[in-house]
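Scroll down for the structure; my scribbles are underneath it.
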Amino acid sequence: MSHSHGNLLGEPDPTLLPANPEADAELAEGTPAAEVASRHPTVSAAWAALAEEALGRTERQLRDTIEAYAYARTGYHRGLDALRRNGWKGFGPVPWSHEPNRGFLRCVIVLAKAAEAIGEQDEHERCIQLLRDSDPTLAP
């Protein structure tokens with residue numbers, strides 16, 4: 001009989017970030033992401049929206065990719081701060097299924113794409129690993 005042994009200490013509980021109803025409502029109502037980020041600079045979802053917008057421009061140029069990278073990195077760091085304030089120890093699940101986690105995770109996704117686009121392979125790989133560790137359904 002074969003036994004599979006996982007981590008005997010167990011995996012930490014998922015980290016669930018608190019919602020920011022005001023910022024979420026502004027984004028949902030179509031308030032420009034730059035305005036939301038200026039009023040709520042700690043909200044990763046606003047930075048994710050800015051990064052996605054920059055990376056998604058049809059006539060994208062290198063400047064747009066760098067802009068997306070900067071926005072995504074800002075949201076990523078704001079998200080890390082929020083995760084740590086909510087008990088995350090640098091590892092463990094950060095599930096996509098919890099809506100307030102999505103701003104942070106979206107930033108990691110865009111940061112991975114932008115890093116790859118500018119040839120920063122180490123950063124790209126770190127982001128992909130973080131996505132796998134956070135929620136295995138997100139990693140390519």
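We label chains A, B, ... in the order they appear in the structure tokens, count residues from 1 in each chain, and number ligands from 1 in the order shown.
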(request) Assign secondary structure with DSSP using the backbone only, and return the residues of region 27-139 of chain A in alpha helix (DSSP H) as an MDAnalysis selection string. (result) chainID A and resid 27:28 33:39 44:55 62:85 102:117 121:134
Would you pick out the contacts of region 72-76 of chain A at 6 Å or less, using only C-alpha atoms, so that residues sharing its chain but fewer than 3 positions from it are not included, and give the list as a PDB file with N, CA and C atoms, in the first residue's frame?
ATOM      1  N   SER A  44      -5.017  47.307  -3.928  1.00  0.00           N
ATOM      2  CA  SER A  44      -4.356  46.661  -5.070  1.00  0.00           C
ATOM      3  C   SER A  44      -5.246  46.595  -6.300  1.00  0.00           C
ATOM      4  N   TRP A  47      -4.655  49.496  -8.596  1.00  0.00           N
ATOM      5  CA  TRP A  47      -3.369  49.365  -9.297  1.00  0.00           C
ATOM      6  C   TRP A  47      -3.444  48.272 -10.360  1.00  0.00           C
ATOM      7  N   ALA A  48      -4.160  47.197 -10.060  1.00  0.00           N
ATOM      8  CA  ALA A  48      -4.333  46.120 -11.045  1.00  0.00           C
ATOM      9  C   ALA A  48      -5.064  46.648 -12.271  1.00  0.00           C
ATOM     10  N   ALA A  51      -2.669  48.703 -14.292  1.00  0.00           N
ATOM     11  CA  ALA A  51      -1.683  47.836 -14.951  1.00  0.00           C
ATOM     12  C   ALA A  51      -2.301  47.090 -16.129  1.00  0.00           C
ATOM     13  N   ALA A  68       2.820  49.426 -17.109  1.00  0.00           N
ATOM     14  CA  ALA A  68       2.081  48.296 -16.536  1.00  0.00           C
ATOM     15  C   ALA A  68       2.902  47.627 -15.432  1.00  0.00           C
ATOM     16  N   TYR A  69       4.190  47.442 -15.691  1.00  0.00           N
ATOM     17  CA  TYR A  69       5.090  46.838 -14.710  1.00  0.00           C
ATOM     18  C   TYR A  69       5.098  47.661 -13.420  1.00  0.00           C
ATOM     19  N   GLY A  79      -0.394  44.948  -1.807  1.00  0.00           N
ATOM     20  CA  GLY A  79      -1.045  43.687  -1.463  1.00  0.00           C
ATOM     21  C   GLY A  79      -0.251  42.883  -0.449  1.00  0.00           C
ATOM     22  N   PHE A 104      -4.753  41.909  -5.536  1.00  0.00           N
ATOM     23  CA  PHE A 104      -3.365  41.492  -5.360  1.00  0.00           C
ATOM     24  C   PHE A 104      -2.972  40.462  -6.419  1.00  0.00           C
ATOM     25  N   CYS A 107      -2.497  41.836  -9.815  1.00  0.00           N
ATOM     26  CA  CYS A 107      -1.210  42.530  -9.914  1.00  0.00           C
ATOM     27  C   CYS A 107      -0.072  41.545 -10.167  1.00  0.00           C
ATOM     28  N   LEU A 111       2.256  41.623 -13.384  1.00  0.00           N
ATOM     29  CA  LEU A 111       3.695  41.759 -13.142  1.00  0.00           C
ATOM     30  C   LEU A 111       4.459  40.630 -13.832  1.00  0.00           C
TER      31      LEU A 111
END
(request) Determine, counting only C-alpha atoms, which protein, DNA and RNA residues have an atom within 10 Å of an atom of Leu62 (chain A); residues of the same chain fewer than 4 positions away are not included. Present the result as number ranges by chain. (result) A: 55, 66-68, 114, 117-118
Please produce a file of those selected residues containing N, CA and C atoms, as a CSV table (one decimal), in the first residue's frame.
chain,number,residue,atom,x,y,z
A,55,LEU,N,-1.2,47.4,-20.0
A,55,LEU,CA,-0.7,46.2,-20.7
A,55,LEU,C,-1.6,45.9,-21.9
A,66,ILE,N,6.3,49.1,-19.5
A,66,ILE,CA,7.0,49.6,-18.3
A,66,ILE,C,6.0,50.2,-17.3
A,67,GLU,N,5.0,51.0,-17.9
A,67,GLU,CA,4.0,51.6,-17.0
A,67,GLU,C,3.2,50.5,-16.3
A,68,ALA,N,2.8,49.4,-17.1
A,68,ALA,CA,2.1,48.3,-16.5
A,68,ALA,C,2.9,47.6,-15.4
A,114,ALA,N,4.4,41.5,-17.6
A,114,ALA,CA,5.2,42.6,-18.0
A,114,ALA,C,6.7,42.3,-17.8
A,117,ALA,N,7.8,40.3,-20.7
A,117,ALA,CA,7.9,41.1,-21.9
A,117,ALA,C,9.2,42.0,-21.9
A,118,ILE,N,9.7,42.3,-20.8
A,118,ILE,CA,11.0,43.1,-20.8
A,118,ILE,C,12.2,42.3,-20.5
(message) Please compute the CA of Cys127 (chain A)-CA of Ala45 (chain A) distance, one decimal, in Å.
(response)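 So the two atoms, CA of Cys127 (chain A) and CA of Ala45 (chain A), lie 17.1 Å apart.
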(message) I'd like the neighbourhood of Glu99 (chain A) as a ChimeraX atom specification, where a residue qualifies if any of its atoms comes within 9 Å (using only C-alpha atoms), though same-chain residues fewer than 4 positions away should be ignored.
(response) /A:16-17,19,95,103
Could you turn the residues from that selection into a file that holds C-alpha atoms, as a PDB file, in the first residue's frame?
ATOM      1  CA  LEU A  16      -8.503  36.487   3.125  1.00  0.00           C
ATOM      2  CA  LEU A  17      -8.075  40.206   2.641  1.00  0.00           C
ATOM      3  CA  ALA A  19     -12.966  44.278   1.249  1.00  0.00           C
ATOM      4  CA  PRO A  95      -7.426  32.060  -2.905  1.00  0.00           C
ATOM      5  CA  GLY A 103      -6.631  42.840  -6.748  1.00  0.00           C
TER       6      GLY A 103
END
(message) Which residues are near Leu105 (chain A)? Cut-off 8 Å, only C-alpha atoms, ignore same chain within fewer than 4 positions. Put them as a ChimeraX atom specification.
(response) /A:76,96,101,109,131
(request) Kindly indicate which residue among A:Gly119, A:Val43, A:Glu35, A:Glu22 lies nearest to Asp81 (chain A), using only C-alpha atoms for the distances. (result)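 Smallest distance to Asp81 (chain A) is found for A:Val43.
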(request) Write out as a PyMOL selection string the residues lying within 8 Å of Ala112 (chain A), counting only C-alpha atoms and excluding same-chain residues fewer than 3 positions away. (result) chain A and resi 108-109+115-116+123-125+127-128
(message) Using Å and a single decimal, report how far CA of Lys113 (chain A) sits from CA of Ala139 (chain A).
(response)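 CA of Lys113 (chain A) lies at a distance of 11.8 Å from CA of Ala139 (chain A).
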(request) Work out how far CA of Phe91 (chain A) is from CA of Arg126 (chain A), in Å to one decimal. (result)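 Going from CA of Arg126 (chain A) over to CA of Phe91 (chain A) covers 12.9 Å.
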(request) Determine the nearest neighbour of Glu53 (chain A) from the options A:Pro12, A:Pro32, A:Pro140, A:Pro18, counting only C-alpha atoms. (result)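 Once distances to Glu53 (chain A) are computed over only C-alpha atoms, the minimum belongs to A:Pro32.
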(request) Give the answer as one residue: which of A:Arg63, A:Arg78, A:Arg102, A:Arg132 has the shortest atom-to-atom distance to Asp24 (chain A), using only C-alpha atoms? (result)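 Checking each candidate against Asp24 (chain A), we get A:Arg102 as the closest.
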